[in-house]
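Chemist: The structure's right below; bear with me while I get my questions together.
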Amino acid sequence: MNIEYIRSFLETARWNSISKASEKLHLTHPALSKQLRAMEAYYGVALFHRSNTGVELTEAGKHLLERLQPLYQELSAIRSEMGQWNQQSIRQLTLGTLPTLASGYMPEKVYAMEAAQLQLDLRVMNTSSELYSRLQAGELDAIVCERLPEGVSSTWEHTLFSEPYVAIVYKEHPFSQRTSVSLAELSKEPFILHTPECRIRQTLTERMEQSDFGLSVKTEVGFNEFILGYVATGAGITILPEMAARNLASASLAAVPIADEGMVRVIALTTARTAADKGRLLAAYLKP
């Protein structure tokens with residue numbers, strides 16, 4: 001039985017909710033449901049009663065919970081302890097990050113790590129959610145992206161820096177000559193954004209809702225270059241982190257600061273808690 005499946009079962013039992021557990025595990029709802037069904041098939045019993053209000057352990061599920069909790073803790077401790085027998089593996093790292101960081105922040109850091117003889121495999125993924133999922137699945141040793149939500153206890157985290165988001169508009173847009181723009185003004189504009197899994201979009205949506213403003217999404221797409229090209233035509237506006245905006249090569253676009261303290265992202269280095277030694281090694285090279 002996959003140890004991550006065990007963790008998924010324990011987290012679902014803890015929250016009595018597949019939706020809440022999938023959020024904490026950084027898995028999609030279908031992916032977590034698939035893991036739970038695989039466990040039920042493996043043991044040949046129903047582990048949860050499912051309803052519109054959530055899930056509840058069956059008697060068999062309660063028994064399995066009692067048996068698996070200490071087992072999972074022991075397996076996690078063993079995996080951590082075994083790391084001391086192969087210190088060389090600490091210097092062989094698979095590191096995931098976001099496109100907005102890969103293009104501006106990471107190149108100098110990667111060069112320094114390679115010069116220090118770290119064997120680095122850098123992988124770039126579109127969203128923080130995807131990076132967290134790959135980290136939990138063991139496909140990545142560490143990730144550099146938006147900070148994990150509160151309450152995720154299975155990870156080691158080191159905050160690197162924070163930066164504001166800015167509005168990206170075409171050069172002829174009235175905002176292009178402004179020193180800042182408010183959320184109220186942005187709420188009246190058509191947006192070209194990534195799909196809902198994107199943390200930038202999530203932050204914008206949350207801030208608009210908290211301020212009682214609407215958000216008009218004209219087009220959503222997962223390809224950043226298309227978004228910027230489409231904005232340049234005058235089709236709408238978008239949002240980028242300040243760092244990414246500084247690297248814009250297009251003469252057809254302008255970056256405008258947003259007058260809202262909540263429109264920021266916090267970038268952190270995150271590893272599994274059992275791989276904190278690798279995180280501490282990386283942190284020395286990833287300082288701003």
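Residue numbering restarts at 1 for every chain of the structure tokens, chains are lettered A, B, ... in their displayed order, and ligands are numbered from 1 as they appear.
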Using DSSP on the backbone, list every residue of stretch 169-252 of chain A that comes out as alpha helix (DSSP H), and give them as an MDAnalysis selection string.

Modeler: chainID A and resid 183:186 199:210 224:232 242:246

Chemist: Write the residues you've just listed into a file as a PDB file, in the first residue's frame, and include C-alpha atoms for each of them.

Modeler:
ATOM      1  CA  LEU A 183      -9.544  47.222  -6.826  1.00  0.00           C
ATOM      2  CA  ALA A 184     -12.752  49.157  -7.447  1.00  0.00           C
ATOM      3  CA  GLU A 185     -11.385  50.365 -10.770  1.00  0.00           C
ATOM      4  CA  LEU A 186     -10.077  46.919 -11.693  1.00  0.00           C
ATOM      5  CA  ARG A 199      -2.796  31.220  -7.166  1.00  0.00           C
ATOM      6  CA  ILE A 200      -2.627  34.671  -8.784  1.00  0.00           C
ATOM      7  CA  ARG A 201      -6.242  34.343  -9.869  1.00  0.00           C
ATOM      8  CA  GLN A 202      -7.255  32.946  -6.482  1.00  0.00           C
ATOM      9  CA  THR A 203      -5.706  35.923  -4.679  1.00  0.00           C
ATOM     10  CA  LEU A 204      -7.401  38.407  -7.001  1.00  0.00           C
ATOM     11  CA  THR A 205     -10.756  36.641  -6.589  1.00  0.00           C
ATOM     12  CA  GLU A 206     -10.435  36.559  -2.790  1.00  0.00           C
ATOM     13  CA  ARG A 207      -9.530  40.250  -2.562  1.00  0.00           C
ATOM     14  CA  MET A 208     -12.397  41.245  -4.855  1.00  0.00           C
ATOM     15  CA  GLU A 209     -14.886  39.217  -2.810  1.00  0.00           C
ATOM     16  CA  GLN A 210     -13.571  40.596   0.483  1.00  0.00           C
ATOM     17  CA  ASN A 224       1.119  32.714 -20.083  1.00  0.00           C
ATOM     18  CA  GLU A 225       2.548  33.956 -23.391  1.00  0.00           C
ATOM     19  CA  PHE A 226      -0.932  33.914 -24.964  1.00  0.00           C
ATOM     20  CA  ILE A 227      -2.344  35.892 -22.058  1.00  0.00           C
ATOM     21  CA  LEU A 228       0.243  38.648 -22.464  1.00  0.00           C
ATOM     22  CA  GLY A 229      -0.137  38.709 -26.231  1.00  0.00           C
ATOM     23  CA  TYR A 230      -3.914  38.890 -25.908  1.00  0.00           C
ATOM     24  CA  VAL A 231      -3.692  41.733 -23.381  1.00  0.00           C
ATOM     25  CA  ALA A 232      -1.388  43.589 -25.811  1.00  0.00           C
ATOM     26  CA  GLU A 242       6.054  42.490  -9.772  1.00  0.00           C
ATOM     27  CA  MET A 243       9.160  40.412 -10.569  1.00  0.00           C
ATOM     28  CA  ALA A 244       7.598  38.949 -13.698  1.00  0.00           C
ATOM     29  CA  ALA A 245       6.393  42.378 -14.772  1.00  0.00           C
ATOM     30  CA  ARG A 246       9.949  43.726 -14.577  1.00  0.00           C
TER      31      ARG A 246
END

Chemist: Any chance you could tabulate, as CSV, the residues of stretch 196-266 of chain A at most 7 Å from stretch 168-174 of chain A with each one's nearest atom pair and distance in Å to one decimal, using only C-alpha atoms, in chain and rising number order?

Modeler:
residue,atom,partner,partner_atom,distance
A:Val231,CA,A:Tyr170,CA,6.1
A:Ala232,CA,A:Tyr170,CA,4.9
A:Gly234,CA,A:Tyr170,CA,5.7
A:Ile237,CA,A:Val169,CA,5.0
A:Thr238,CA,A:Ile168,CA,5.2
A:Ile239,CA,A:Ile168,CA,5.7
A:Leu240,CA,A:Ile168,CA,6.9
A:Ser252,CA,A:Lys171,CA,5.4
A:Leu253,CA,A:Tyr170,CA,4.5
A:Ala254,CA,A:Val169,CA,5.4
A:Ala255,CA,A:Ile168,CA,4.7
A:Val256,CA,A:Ile168,CA,6.4

Chemist: Which residue, A:Arg67, A:Lys34, A:Arg147, A:Lys278, has the smallest gap to A:Ser22 when you use only C-alpha atoms?

Modeler: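 Of A:Arg67, A:Lys34, A:Arg147, A:Lys278, the one nearest A:Ser22 is A:Lys34, counting only C-alpha atoms.
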
Chemist: Find the spatial neighbours of stretch 266-274 of chain A, counting only C-alpha atoms, within a cut-off of 7 Å - ignore same-chain residues fewer than 3 positions away - and output them as number ranges by chain.

Modeler: A: 79-80, 141-147, 154-163, 279

Chemist: Tell me which of A:Leu27, A:Met113, A:Ala284, A:Ala275 sits closest to A:Ala77, counting only C-alpha atoms.

Modeler: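 Among the listed residues, the smallest separation from A:Ala77 belongs to A:Ala275.
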
Chemist: Quick one: residues within 9 Å of A:Lys62, only C-alpha atoms, excluding same-chain residues fewer than 5 positions away - as a list of chain:residue names?

Modeler: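 Result of the neighbour search: A:Ala13, A:Leu47, A:Leu57, A:Arg67.
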
Chemist: Could you write out, as a count of residues only, all the residues of stretch 94-231 of chain A that DSSP marks as strand (DSSP E or B)?

Modeler: 41

Chemist: Rank nothing, just name the residue among A:Thr12, A:Gln117, A:Thr100, A:Ser176 nearest to A:Arg265, using only C-alpha atoms.

Modeler: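 Selected residue with least distance to A:Arg265: A:Thr100.
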
Chemist: Within 10 Å of A:Glu108, counting only C-alpha atoms, which residues qualify if same-chain residues fewer than 4 places away don't, as a list in words?

Modeler: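 Answer for this query is Ala102, Gly104, Ala112, Met113, Tyr285 and Leu286 of chain A.
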
Chemist: Pick out the closest residue to A:Leu64 from this set: A:Ala21, A:Leu98, A:Leu10, A:Ala235. Count only C-alpha atoms.

Modeler: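 Looking only at the distances to A:Leu64, the closest residue turns out to be A:Leu10.
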